[in-house]
Structures are given as structure tokens and as C-alpha cells.
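Visitor: Below is a structure I'd like to ask you about.
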Amino acid sequence: MQRLSSAGAIGPGLFGAALVPTMGALHQGHASLIRRALGECPRVVVSIFVNPLQFGPGEDLSRYPRAVEEDLALCQALGVEAVFTPSPEEFYPPGFATRVVPEGCALPLEGERRPGHFSGVATVLVRLFGMLQPARAYFGEKDFQQLQVVRQLVRDLNLPVTVVGCPIVRDQGGLALSSRNRYLSPEQRERARVLYQALQAAQQAFSAGERLASALRARMLEVLTIPEAQVDYAVVVDTELREVPQATRGTHLLVAATLFGIRLIDHLELL
Ligand code: PAF
């Protein structure tokens with residue numbers, strides 16, 4: 001496995017591979033993206049870069065979990081061809097002065113609460129796509145809004161990359177795997193399962209015939225209302241991230257809440 005730490009080290013031999021862009025602290029959710037990529041493409045490149053542009057002031061950039069040695073071992077074990085681990089100074093050299101600013105589905109929810117976040121995500125991805133020229137790029141569905149923003153970005157800028165969304169991987173209790181779960185103790189993780197329980201409660205109501213988005217939302221909020229959780233949102237949206245009055249199969253439920261000082265999000269597509 002090659003380890004590339006600067007853009008200059010990327011040769012055209014890597015172009016056309018599958019890219020799994022990450023911020024490291026890899027978990028089984030990332031492993032599932034890598035396995036999926038390996039099943040669809042003979043060569044897989046993983047980028048590990050904690051992108052400063054997507055963190056707002058007061059967010060967790062400085063303490064975001066970093067575990068490069070473990071990450072490299074996992075990539076090696078899975079059969080990844082190359083891992084790209086640039087430093088912020090290499091990735092954004094002096095004089096770097098361009099930002100990609102997505103609108104549309106990037107505006108509500110996370111876009112509203114984390115100004116500049118999706119601009120940071122879009123900018124890092126356009127730059128990664130330019131450097132590595134992947135044929136395919138893999139993203140998890142936990143960050144459903146991010147996935148849709150990336151699809152919109154690729155469509156709007158005609159980027160020659162196929163975006164692949166992959167199912168959420170959960171722990172035995174249903175908590176969606178996330179690098180930020182590392183901030184939580186085992187007991188706190190148990191309480192954090194409330195996000196998935198809220199989504200499941202709404203799915204059960206939908207399966208029992210409820211179609212009113214307001215009722216599904218109320219059901220989610222009912223479950224999420226525990227002393228440990230400060231609910232940020234619980235919404236019923238379409239693929240453009242617009243709230244809908246009525247749910248159908250394929251409508252998306254998104255929740256965000258802060259528990260024990262850690263902001264967590266989750267997503268479920270109604271079946
Ligand atoms: O989902 C992430 O880990 C990041 O937002 C991404 C897509 C790697 C961009 O930095």
C-alpha cells in the first residue's frame with residue numbers, strides 16, 4: 001500500500017480509481033465503504049484529511065479524533081492501494097483562495113446551523129477530485145444531506161465522477177457509527193441510541209399507516225425528549241432536503257441532537 005502525503009506524490013497511475021474520502025478515525029462504517037469500493041473497482045484510494053474548512057469557529061477541529069496509524073493498518077488489511085494523508089499546509093498551500101459555495105439542498109438544516117460547513121466539504125472534494133481524478137467516490141448515508149450536496153455538486157459542475165451512497169452501519173444497539181462516537185463513554189453511547197429509536201418509532205408509525213409528516217415528526221420528538229438530549233431538529237424531507245407535508249416510501253427522516261456535549265445526526269429512509 002502506498003502512503004502519499006502530498007499532491008505531488010500522486011501519479012497518473014492512480015487516476016480512475018475509486019476514492020473513499022474520509023477524515024480518519026476510521027470505523028466499520030468506513031470499512032464498509034472501502035469494501036464496497038473494492039467490490040466495484042480494482043483500485044481503491046482512501047484520503048484521510050481533517051479538513052479545516054468544514055469546521056466552524058467553536059467546533060471540534062482541534063480535538064477531532066486522529067488515529068492515523070490504526071487507520072493505515074485497517075486500510076492495509078482491507079487491500080487499499082493507496083492512502084492520501086496530506087497536511088493542511090500541503091493541501092491548502094499559501095495563495096489558495098477559492099471556495100465552492102453550494103446552495104439548493106445545502107442551505108437548510110446542517111447548512112443553516114453550520115454556516116460554511118458545506119462550502120468546506122464541497123471545496124475539499126472538488127480539490128480531491130482534481131488531484132486524484134477518481135472514477136467513483138463513496139459516501140455514507142448517515143450524512144444524508146452531505147451525500148445529496150455532493151450529488152448536486154457533481155451534477156452542477158459536471159464532474160466526471162460517479163457518487164455512490166452506502167448504507168449506514170450501526171452498533172448492536174442501533175447507534176450509527178461515527179468518528180465522533182469516540183468522544184462518548186459506553187454508557188453515553190447507550191443513551192445516544194435514542195436517535196435511532198426516534199427514527200424507528202416514526203418508521204413504526206408509518207408502517208402502521210401514518211402518513212402525516214407532522215405526526216411522524218411529533219413521534220420522533222416524543223422519543224428524543226430525554227433530559228440528556230438537546231434536540232436540534234427532527235424532520236421529514238424529500239431528496240432535495242425540503243420538508244414534505246405527507247410521507248411516502250422513500251421519504252427521509254433526519255434527526256440531530258446534542259448529547260453529553262457531542263452533536264450527533266442520524267437518518268432513515270422510510271420503507
Ligand atoms: O464525511 C466526511 O468524513 C467528510 O465530510 C468528507 C466527505 C471526507 C469531506 O471532508
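In the C-alpha cells, chains take the letters A, B, ... in the order shown, each chain's residues start at 1, and ligands count up from 1 in the order shown.
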8 Å from ligand 1 is the threshold here; counting only C-alpha atoms and all ligand atoms, which polymer residues fall inside it? Answer as a list in words.
Guide: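 My answer, listing the contacting residues, is Val20, Pro21, Thr22, Met23, Gly24, Ser47, Ile48, Phe49, Val50, Asn51, Gln54, Gly120, Val121, Ala122, Val124, Leu125, Phe139, Gly140, Asp143 and Gln146 of chain A.
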Visitor: Could you save the residues just selected, with C-alpha atoms, as a PDB file, in the first residue's frame?
Guide:
```pdb
ATOM      1  CA  VAL A  20     -13.195   6.868  -0.260  1.00  0.00           C
ATOM      2  CA  PRO A  21     -12.786  10.375   1.165  1.00  0.00           C
ATOM      3  CA  THR A  22     -12.556  10.403   4.979  1.00  0.00           C
ATOM      4  CA  MET A  23     -11.407  12.489   7.902  1.00  0.00           C
ATOM      5  CA  GLY A  24      -9.812   9.422   9.521  1.00  0.00           C
ATOM      6  CA  SER A  47      -7.983  10.000   1.689  1.00  0.00           C
ATOM      7  CA  ILE A  48      -7.526  10.855   5.357  1.00  0.00           C
ATOM      8  CA  PHE A  49      -7.690  14.582   5.899  1.00  0.00           C
ATOM      9  CA  VAL A  50      -9.315  16.506   8.740  1.00  0.00           C
ATOM     10  CA  ASN A  51     -10.461  19.370   6.546  1.00  0.00           C
ATOM     11  CA  GLN A  54     -15.571  22.459   7.072  1.00  0.00           C
ATOM     12  CA  GLY A 120     -15.775  23.472   3.174  1.00  0.00           C
ATOM     13  CA  VAL A 121     -16.957  19.992   2.194  1.00  0.00           C
ATOM     14  CA  ALA A 122     -17.537  20.983  -1.442  1.00  0.00           C
ATOM     15  CA  VAL A 124     -12.178  19.863  -0.274  1.00  0.00           C
ATOM     16  CA  LEU A 125     -13.971  17.388  -2.533  1.00  0.00           C
ATOM     17  CA  PHE A 139     -20.067   8.312   0.960  1.00  0.00           C
ATOM     18  CA  GLY A 140     -22.125   7.045   3.890  1.00  0.00           C
ATOM     19  CA  ASP A 143     -24.676  12.224   6.480  1.00  0.00           C
ATOM     20  CA  GLN A 146     -23.866  15.786   2.690  1.00  0.00           C
TER      21      GLN A 146
END
```
Visitor: Set the distance at 6 Å and use only C-alpha atoms: which residues neighbour range 76-81 of chain A once local chain neighbours fewer than 5 positions away are removed? I'd like the list as a PyMOL selection string.
Guide: chain A and resi 1+43-45
Visitor: What would the file look like if the residues just selected were written as a CSV table (one decimal), in the first residue's frame with N, CA and C atoms?
Guide:
```
chain,number,residue,atom,x,y,z
A,1,MET,N,0.9,-1.2,0.0
A,1,MET,CA,0.0,0.0,0.0
A,1,MET,C,0.9,1.2,0.0
A,43,ARG,N,-8.9,-0.8,-8.0
A,43,ARG,CA,-8.0,0.1,-7.2
A,43,ARG,C,-8.8,1.0,-6.3
A,44,VAL,N,-8.5,1.1,-5.1
A,44,VAL,CA,-9.2,2.0,-4.1
A,44,VAL,C,-8.2,2.9,-3.4
A,45,VAL,N,-8.5,4.2,-3.4
A,45,VAL,CA,-7.6,5.1,-2.7
A,45,VAL,C,-8.5,5.7,-1.6
```
Visitor: Quick check, in Å to one decimal: how far apart do CA of Arg219 in chain A and CA of Leu241 in chain A lie?
Guide: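 According to the coordinates, CA of Arg219 in chain A and CA of Leu241 in chain A are separated by 19.6 Å.
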Visitor: My list of candidates is A:Leu175, A:Ser5, A:Pro245, A:Leu53. Which is closest to Arg114 in chain A when distances are computed with only C-alpha atoms?
Guide: A:Leu53
Visitor: When you count only C-alpha atoms, which of these residues is closest to Ala205 in chain A: A:Leu184, A:Ala257, A:Leu271, A:Ala234?
Guide: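 Between A:Leu184, A:Ala257, A:Leu271, A:Ala234, the residue approaching Ala205 in chain A most closely is A:Leu271.
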Visitor: Return the single residue from A:Arg170, A:Gly56, A:Phe96, A:Gly39 that is closest to Pro115 in chain A, with distances computed using only C-alpha atoms.
Guide: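 Counting only C-alpha atoms, the residue closest to Pro115 in chain A is A:Gly56.
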Visitor: Using DSSP on the backbone coordinates, identify all residues within range 27-271 of chain A classified as strand (DSSP E or B); present the result as a PyMOL selection string.
Guide: chain A and resi 44-48+82-84+136-140+162-166+170+176+212+229-237+243+246+252-259+262-269
Visitor: Would you mind writing down, as a ChimeraX atom specification, each residue of range 1-228 of chain A that DSSP on the backbone assigns to helix (DSSP H, G or I)?
Guide: /A:7-9,12-14,28-40,52-54,68-78,88-91,104-106,110-113,117-132,144-156,179-183,186-192,194-207,213-224
